[in-house]
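Data first, discussion second: the structure below is written as structure tokens.
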Amino acid sequence: MRVSLQWLSDYVDLVVDAEELADRLTNAGTSVESVERVTGGWDGCVVGRVLEVFPHPRADRLSVCRVDVGGEVKEIVCGAPNVRAGMLSPVALPGARIADGKLVGEAEIRGVRSWGMLLSEKELGISDDAEGVMVLEEGMEPGTDLHLALGLEDTVLILEITPNRPDCLSMLGIAREVAALTGQALRRPRIQVYEEGPPAEEEVRVEILDEEKCSRYVARLIDEVKVGPSPWWMRKRLRAAGIRPISNVVDVTNYVMLEMGQPLHAFDYHLLKEGHIIVRRAEPGDRLVTLDGVKRDLHPEDLLICDPGGPVALAGVMGGELSEVSSRTSKVLLESAHFEPSGIMRTSRRHDLSSEASYRFERGVDPDGCLPAADRAAGLIAELAGGKVRPGAVDVRARSVAPRRLELRVERAGRLIGITLNKEEASRILESLELKVVGISEDRLRVEVPTFRPDLEREIDLVEELARIYGYQRIPATLPRTSHNVGFLTREQRLRREIARVMAGCGLHEAITVSFVPGWWLEVLDPERRHLPPQPLRLRNPLSEEASMLRPSLLPGLLEAVRFNLNRRLVDVHLFEMGRVFLPLEGRKLPQEPLRLGAVLTGRWLPKPWDGEAQDCDFYTMKGILEVLMRTLHVEDWELESGEGPPFLHPMRRGTVMLEGKEAGYMGTLHPRVAENLDIPGAEVMEVEVAALVEAAKDLPPFKEIPRFPSVQVDLALVVDEEVPAAEVERVIRSAGGDLLREVRLFDLYRGAQIGKGEKSLAYSLVFYSLERTLREDEVREIVEGVVGALAAELGARLR
């Protein structure tokens, strides 16, 4: 919003300069984006009075004017059609500079010497009007400097008004803020309406059919109006506010809107059928040509101003072309209404049509401001357009909005702000904002909140008003009182950080991928939806098709990161991510959002050393990372179980991560089909539930007593069928080995001619010891024989 300080000074005395005022407003929550100095873009121009006008002797379209420029008379050749004797007009004398930078000198035009030029508004940079010379108002002295005569020296504050402060979208609202911040009195504009003729209600009828969207409609009738240009003072103020002057009637509606914050609209009464205003929603077939010349098909939710013949305005947004005020208008129906904000906002967005009126209605205008604004505008139209205001306003209320009453605990307010505050000071600040204190008790103020402040709903809102007017910069800086408790991380937070530390320590880089993924990922990974949700969560209004779905797995984001790097020839990619996935729950609106740990490996795991070969990432690389993680978290009851797994993993190189007997994730090699579709050479992937890891983790490793007696190591080479997993062999060994078997380690795998087809040889190292004595050889031999027997019985294993 643009605020002219010249205009603002009508309502409050400005006792500080523009920069100080900008600082105070910004500190109080009304941000001043910039301070703009407004001056005329010319130099050396004065007021002149045209004394005589006679035709140019050698040019039909030129006139020769004798102009009084203050103590001397100059002859000036002019081609403007509106020049006439007796008028006041701006004059550029020789040596003057006009708005486009051109220097004016004396010149001979068709044999007649011209001592300067009479200026149009365009040549002064005031507007685009170049149809004739600018006509100045009477009362100005010839020879007066044009800057002084027009009063163009001004300062304009460019404000950013937050959506919750619609009261600041007016000169009066800003003046109220300035008065409170500087301790000055607020002067409201004088509203004078001289009424004459028959009552307005005899010729105007207002009917509100949609009471939800329109709570009040005020209509005033002004007769015998003469539409013409507005006086200079009004045009100057409108331009300073960024609004183009049109005519006296239309300019008054814009002026009062800027002054009081209440949008108004003027209809040509003779273009309204029966003087009957109907406020309703659009009906099928309704169309309207708005003032911008666009024919609009109306939506059933659009609120309209209609007469018995159909729509005449898009309520709260823009008027209609068929009922607009023109030079032929002699009778005006003035609208001042209150519309429901969200409805106006949707209509404005729906038609891609924004206006100064809709901007204010969307944020909420004062329902009690309708009648004062209508009276103010009616009085100005009568004054500036020679109209006669019909007695009485037609004021139809669908519902009333009562002022809100709040209680303020003064001592608590001071404590929250951090100052010592008494009732008198609190009352003074509140009443400077026109918040009426209607009752005072021992430590409480009862405050009546006017309807122009819809943002004040609770006691804490009043506390904020006290703080910002008192001045945030005046509040002393103090350390907050605490209970001296030192902050700490929860067990889950500590373990999450430990998981990330382990993954980074293993050589992986942490990735943070977006939660939105394209839908085609599901078709690539799991076309039959055997693992991923059959109905993932899709966005209603995605920014693009590439971000249309909430991820049900971390895998799409990690694999997309792999593709991104491979396309830039970075082939060794080792990433992990800890993030949430989104799983729909039947019968519930909100999804389940478990936290998962995901990882992906591709390319080389170890580069080629000088004395060896490079090591590529494979299934066992990822398994080793998982083992390090489990060992660091002191997870004892876990295993990687082979068998069925996600369809996007290789059927022979995949496993299910089991924690304490429950499925907690998966790990394996990406299926060749998926790798081919993604155009990547292959990858090892893992995804595990973080909650399951946290639950299975032990804060301390289990205590193991250091043995004092020697151990016995026995190596066994076992031949088993190819389908028998090594984990199952180890389980049988540990079960049959008893308490004296302390360690089991697989150290060799063999497939070849020395054993049968479809078989493999697994070599294990078994360590036995007792914490109480030295074991005997025959005792260990007996245990080993029992292990071999159990392996043969359960798995069909034999010694190699």
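The chains in the structure tokens are called A, B, ... from first to last as shown; in each chain the residues are counted from 1, and the ligands are counted from 1 in the order shown.
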
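Using only C-alpha atoms, the contacts of Leu749 of chain A at a cut-off of 10 Å, with sequence neighbours closer than 3 positions omitted, comprise Ala717, Leu718, Val719, Ala726, Leu746, Lys760, Ser761, Leu762, Ala763 and Tyr764 of chain A.
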
Take the residues from that selection and write them out as a compact mmCIF listing (two decimals), in the first residue's frame, keeping N, CA, C and O atoms.
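What ended up in again.txt:
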```txt
# COMPACT_ATOMS: atom_id res chain seq x y z
N ALA A 717 34.84 -79.49 7.89
CA ALA A 717 34.46 -79.25 6.50
C ALA A 717 33.25 -80.12 6.21
O ALA A 717 33.33 -81.35 6.24
N LEU A 718 32.13 -79.52 5.92
CA LEU A 718 30.86 -80.22 5.79
C LEU A 718 30.36 -80.10 4.35
O LEU A 718 30.41 -79.03 3.74
N VAL A 719 29.84 -81.19 3.83
CA VAL A 719 29.25 -81.19 2.51
C VAL A 719 27.73 -81.24 2.68
O VAL A 719 27.20 -82.14 3.33
N ALA A 726 23.81 -71.43 4.72
CA ALA A 726 24.85 -71.50 5.74
C ALA A 726 24.32 -71.13 7.11
O ALA A 726 24.77 -71.65 8.13
N LEU A 746 32.40 -69.30 9.82
CA LEU A 746 32.54 -69.87 8.49
C LEU A 746 33.77 -69.25 7.84
O LEU A 746 33.88 -68.04 7.73
N LYS A 760 27.74 -78.34 -1.97
CA LYS A 760 28.76 -77.34 -1.64
C LYS A 760 29.42 -77.76 -0.34
O LYS A 760 28.84 -78.50 0.45
N SER A 761 30.63 -77.27 -0.14
CA SER A 761 31.38 -77.58 1.07
C SER A 761 31.53 -76.30 1.89
O SER A 761 31.98 -75.26 1.37
N LEU A 762 31.14 -76.37 3.15
CA LEU A 762 31.26 -75.25 4.08
C LEU A 762 32.24 -75.63 5.17
O LEU A 762 32.07 -76.67 5.81
N ALA A 763 33.25 -74.80 5.37
CA ALA A 763 34.25 -75.09 6.40
C ALA A 763 34.04 -74.12 7.57
O ALA A 763 34.02 -72.89 7.37
N TYR A 764 33.89 -74.69 8.78
CA TYR A 764 33.64 -73.89 9.98
C TYR A 764 34.76 -74.07 10.98
O TYR A 764 35.32 -75.17 11.12
```

Legend entry - Nearby residues (only C-alpha atoms) at most 9 Å from segment 184-198 of chain A, same-chain spacing under 4 positions excluded, as a ChimeraX atom specification: /A:10-15,172,175-176,178-180,202-203,259-260,372-373,375-380,382,388-392,432

Restricting the output to N, CA and C atoms, write the selected residues as a short mmCIF file (atom, residue, chain, number, x, y, z; two decimals), in the first residue's frame.
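Dumped to out-v4.cif:
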```cif
data_model
loop_
_atom_site.label_atom_id
_atom_site.label_comp_id
_atom_site.auth_asym_id
_atom_site.auth_seq_id
_atom_site.Cartn_x
_atom_site.Cartn_y
_atom_site.Cartn_z
N ASP A 10 -3.57 14.89 7.13
CA ASP A 10 -4.94 15.35 7.38
C ASP A 10 -5.53 14.69 8.62
N TYR A 11 -5.03 13.52 8.98
CA TYR A 11 -5.65 12.73 10.05
C TYR A 11 -4.81 12.68 11.33
N VAL A 12 -3.53 12.99 11.24
CA VAL A 12 -2.67 12.93 12.42
C VAL A 12 -1.48 13.86 12.19
N ASP A 13 -1.05 14.55 13.24
CA ASP A 13 0.14 15.40 13.13
C ASP A 13 1.38 14.52 13.05
N LEU A 14 2.21 14.80 12.05
CA LEU A 14 3.44 14.03 11.86
C LEU A 14 4.58 14.77 12.55
N VAL A 15 4.98 14.25 13.70
CA VAL A 15 5.98 14.94 14.52
C VAL A 15 7.38 14.35 14.35
N LEU A 172 -6.89 5.99 7.08
CA LEU A 172 -7.33 6.15 8.47
C LEU A 172 -6.72 5.09 9.37
N ALA A 175 -3.14 6.05 9.90
CA ALA A 175 -3.12 7.20 10.80
C ALA A 175 -3.34 6.78 12.24
N ARG A 176 -4.19 5.79 12.46
CA ARG A 176 -4.43 5.27 13.82
C ARG A 176 -3.15 4.68 14.39
N VAL A 178 -0.06 5.44 13.46
CA VAL A 178 0.91 6.53 13.67
C VAL A 178 0.56 7.31 14.92
N ALA A 179 -0.73 7.58 15.13
CA ALA A 179 -1.15 8.32 16.32
C ALA A 179 -0.77 7.56 17.58
N ALA A 180 -0.97 6.25 17.59
CA ALA A 180 -0.62 5.44 18.77
C ALA A 180 0.88 5.42 19.00
N GLU A 202 -37.95 5.25 -1.71
CA GLU A 202 -39.05 5.24 -2.65
C GLU A 202 -38.61 4.78 -4.03
N GLU A 203 -37.31 4.89 -4.33
CA GLU A 203 -36.82 4.53 -5.66
C GLU A 203 -35.77 3.42 -5.65
N GLU A 259 -9.30 6.02 1.84
CA GLU A 259 -9.35 6.77 3.09
C GLU A 259 -9.86 5.92 4.25
N MET A 260 -10.96 5.19 4.02
CA MET A 260 -11.65 4.49 5.11
C MET A 260 -11.54 2.97 5.03
N PRO A 372 -20.96 4.66 7.31
CA PRO A 372 -20.12 5.88 7.31
C PRO A 372 -19.42 6.11 5.98
N ALA A 373 -18.94 5.05 5.34
CA ALA A 373 -18.26 5.22 4.05
C ALA A 373 -19.24 5.68 2.98
N ASP A 375 -21.96 7.44 3.47
CA ASP A 375 -22.27 8.85 3.76
C ASP A 375 -21.13 9.77 3.33
N ARG A 376 -19.90 9.35 3.61
CA ARG A 376 -18.73 10.16 3.23
C ARG A 376 -18.68 10.32 1.71
N ALA A 377 -18.87 9.24 0.98
CA ALA A 377 -18.82 9.31 -0.47
C ALA A 377 -19.98 10.12 -1.04
N ALA A 378 -21.17 9.95 -0.48
CA ALA A 378 -22.32 10.71 -0.97
C ALA A 378 -22.09 12.20 -0.79
N GLY A 379 -21.54 12.59 0.38
CA GLY A 379 -21.26 14.00 0.62
C GLY A 379 -20.24 14.56 -0.36
N LEU A 380 -19.19 13.78 -0.67
CA LEU A 380 -18.17 14.24 -1.62
C LEU A 380 -18.71 14.33 -3.04
N ALA A 382 -21.81 14.96 -3.85
CA ALA A 382 -22.64 16.16 -3.88
C ALA A 382 -21.78 17.42 -3.99
N LYS A 388 -27.46 15.95 -5.66
CA LYS A 388 -28.35 16.08 -4.52
C LYS A 388 -28.54 14.69 -3.90
N VAL A 389 -28.24 14.58 -2.62
CA VAL A 389 -28.33 13.29 -1.95
C VAL A 389 -29.74 13.10 -1.44
N ARG A 390 -30.36 12.00 -1.85
CA ARG A 390 -31.71 11.70 -1.38
C ARG A 390 -31.68 11.32 0.10
N PRO A 391 -32.70 11.74 0.85
CA PRO A 391 -32.72 11.45 2.30
C PRO A 391 -32.72 9.95 2.58
N GLY A 392 -31.92 9.55 3.55
CA GLY A 392 -31.90 8.19 4.05
C GLY A 392 -31.09 7.24 3.19
N SER A 432 -5.44 4.22 22.61
CA SER A 432 -4.84 4.92 21.48
C SER A 432 -5.07 4.17 20.18
#
```

With only C-alpha atoms as the counted atoms, please give the residues lying no more than 10 Å from Asn677 of chain A, apart from itself and same-chain residues fewer than 5 positions off, as a compact mmCIF listing (two decimals) with N, CA, C and O atoms, in the first residue's frame.
```txt
# COMPACT_ATOMS: atom_id res chain seq x y z
N VAL A 524 7.82 -49.79 -12.34
CA VAL A 524 9.17 -50.32 -12.55
C VAL A 524 9.55 -51.30 -11.45
O VAL A 524 10.08 -52.39 -11.71
N LEU A 525 9.28 -50.95 -10.19
CA LEU A 525 9.73 -51.77 -9.07
C LEU A 525 8.81 -52.96 -8.80
O LEU A 525 9.28 -54.08 -8.57
N PRO A 672 17.70 -57.76 -12.33
CA PRO A 672 18.19 -57.31 -13.64
C PRO A 672 17.12 -56.59 -14.46
O PRO A 672 17.43 -55.65 -15.20
```

Legend entry - Who sits within 9 Å of Leu298 of chain A, only C-alpha atoms, same chain under 2 positions skipped, as a VMD selection string: chain A and resid 282 to 288 296 300 to 302 351

Dump N, CA and C atoms for the selected residues as a PDB file, in the first residue's frame?
```
ATOM      1  N   ALA A 282     -24.711 -16.894  -8.670  1.00  0.00           N
ATOM      2  CA  ALA A 282     -24.946 -17.039 -10.108  1.00  0.00           C
ATOM      3  C   ALA A 282     -25.854 -18.230 -10.379  1.00  0.00           C
ATOM      4  N   GLU A 283     -26.668 -18.098 -11.418  1.00  0.00           N
ATOM      5  CA  GLU A 283     -27.568 -19.157 -11.858  1.00  0.00           C
ATOM      6  C   GLU A 283     -27.116 -19.648 -13.228  1.00  0.00           C
ATOM      7  N   PRO A 284     -27.531 -20.848 -13.613  1.00  0.00           N
ATOM      8  CA  PRO A 284     -27.123 -21.366 -14.932  1.00  0.00           C
ATOM      9  C   PRO A 284     -27.457 -20.372 -16.043  1.00  0.00           C
ATOM     10  N   GLY A 285     -26.487 -20.139 -16.918  1.00  0.00           N
ATOM     11  CA  GLY A 285     -26.683 -19.228 -18.038  1.00  0.00           C
ATOM     12  C   GLY A 285     -26.323 -17.791 -17.762  1.00  0.00           C
ATOM     13  N   ASP A 286     -26.005 -17.445 -16.499  1.00  0.00           N
ATOM     14  CA  ASP A 286     -25.629 -16.069 -16.177  1.00  0.00           C
ATOM     15  C   ASP A 286     -24.291 -15.715 -16.815  1.00  0.00           C
ATOM     16  N   ARG A 287     -24.236 -14.536 -17.434  1.00  0.00           N
ATOM     17  CA  ARG A 287     -22.994 -14.010 -18.007  1.00  0.00           C
ATOM     18  C   ARG A 287     -22.905 -12.529 -17.677  1.00  0.00           C
ATOM     19  N   LEU A 288     -21.683 -12.029 -17.650  1.00  0.00           N
ATOM     20  CA  LEU A 288     -21.480 -10.628 -17.311  1.00  0.00           C
ATOM     21  C   LEU A 288     -20.253 -10.098 -18.050  1.00  0.00           C
ATOM     22  N   ARG A 296     -17.715 -12.810 -19.213  1.00  0.00           N
ATOM     23  CA  ARG A 296     -17.376 -13.895 -18.281  1.00  0.00           C
ATOM     24  C   ARG A 296     -18.560 -14.827 -18.079  1.00  0.00           C
ATOM     25  N   PRO A 300     -21.459 -21.142 -10.328  1.00  0.00           N
ATOM     26  CA  PRO A 300     -22.569 -21.141  -9.340  1.00  0.00           C
ATOM     27  C   PRO A 300     -22.185 -20.587  -7.971  1.00  0.00           C
ATOM     28  N   GLU A 301     -20.877 -20.578  -7.639  1.00  0.00           N
ATOM     29  CA  GLU A 301     -20.456 -20.046  -6.349  1.00  0.00           C
ATOM     30  C   GLU A 301     -20.135 -18.557  -6.397  1.00  0.00           C
ATOM     31  N   ASP A 302     -20.191 -17.936  -7.572  1.00  0.00           N
ATOM     32  CA  ASP A 302     -19.933 -16.501  -7.687  1.00  0.00           C
ATOM     33  C   ASP A 302     -21.094 -15.721  -7.092  1.00  0.00           C
ATOM     34  N   HIS A 351     -11.713 -16.283 -11.698  1.00  0.00           N
ATOM     35  CA  HIS A 351     -11.771 -15.480 -12.920  1.00  0.00           C
ATOM     36  C   HIS A 351     -10.444 -14.790 -13.225  1.00  0.00           C
TER      37      HIS A 351
END
```

Inset, instruction - Could you give me, as a list in words, the residues within 8 Å of segment 75-80 of chain A, counting only C-alpha atoms and dropping anything in the same chain fewer than 3 positions from it? - result: His56, Arg61, Leu62, Ser63, Val64, Cys65, Arg66, Val67, Val83, Ile109, Val112, Arg113, Ser114, Trp115, Gly116, Met117, Leu118, Glu131, Gly132 and Val133 of chain A

Residues as selected, C-alpha atoms, written as a PDB file, in the first residue's frame, can you do that?
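The new file result01.pdb reads:
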```
ATOM      1  CA  HIS A  56      -1.958  32.115 -35.935  1.00  0.00           C
ATOM      2  CA  ARG A  61      -4.450  24.718 -36.160  1.00  0.00           C
ATOM      3  CA  LEU A  62      -2.216  26.961 -34.094  1.00  0.00           C
ATOM      4  CA  SER A  63      -3.118  29.820 -31.783  1.00  0.00           C
ATOM      5  CA  VAL A  64      -1.090  32.731 -30.485  1.00  0.00           C
ATOM      6  CA  CYS A  65      -1.629  33.347 -26.759  1.00  0.00           C
ATOM      7  CA  ARG A  66      -0.683  36.313 -24.656  1.00  0.00           C
ATOM      8  CA  VAL A  67       0.122  34.825 -21.217  1.00  0.00           C
ATOM      9  CA  VAL A  83      -6.796  26.838 -24.816  1.00  0.00           C
ATOM     10  CA  ILE A 109       7.016  29.040 -35.361  1.00  0.00           C
ATOM     11  CA  VAL A 112       5.736  34.095 -34.998  1.00  0.00           C
ATOM     12  CA  ARG A 113       8.203  34.054 -32.089  1.00  0.00           C
ATOM     13  CA  SER A 114       7.106  31.873 -29.147  1.00  0.00           C
ATOM     14  CA  TRP A 115       8.537  32.602 -25.676  1.00  0.00           C
ATOM     15  CA  GLY A 116       7.969  29.177 -24.137  1.00  0.00           C
ATOM     16  CA  MET A 117       5.135  26.625 -24.201  1.00  0.00           C
ATOM     17  CA  LEU A 118       1.845  25.842 -22.468  1.00  0.00           C
ATOM     18  CA  GLU A 131      -5.343  16.014 -25.515  1.00  0.00           C
ATOM     19  CA  GLY A 132      -4.858  19.619 -24.416  1.00  0.00           C
ATOM     20  CA  VAL A 133      -3.042  21.895 -22.032  1.00  0.00           C
TER      21      VAL A 133
END
```

Inset, instruction - Can you check which residues of segment 200-400 of chain A DSSP gives as strand (DSSP E) on the backbone and send them as number ranges by chain? - result: A: 205-208, 214-223, 264-268, 276-281, 287-289, 295-297, 303-307, 310-314, 318-319, 332-339, 388-389, 394-397

Inset, instruction - Using DSSP on the backbone coordinates, identify all residues within segment 241-443 of chain A classified as helix (DSSP H, G or I); present the result as an NGL selection string. - result: :A and (248-260 or 269-271 or 273-275 or 321-323 or 341-350 or 356-363 or 367-385 or 410-417 or 423-432)

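Using only C-alpha atoms, the shortest contact distance between Leu649 of chain A and any of A:Leu766, A:Leu670, A:Leu119, A:Met345 is found at A:Leu670.
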
Inset, instruction - Excluding Glu201 of chain A and residues on its chain fewer than 6 positions from it, collect all residues at most 12 Å away from it, counting only C-alpha atoms, and give them as a list in words. - result: Val218, Ala219, Arg220, Leu221, Gly275, His276, Ile277, Leu333, Arg390, Pro391, Gly392, Ala393, Val394, Asp395 and Val396 of chain A

Legend entry - Long-range neighbours of Leu384 of chain A as a PyMOL selection string, 8 Å cut-off, only C-alpha atoms, 2 positions minimum in chain: chain A and resi 230-231+248+380-382+386-387
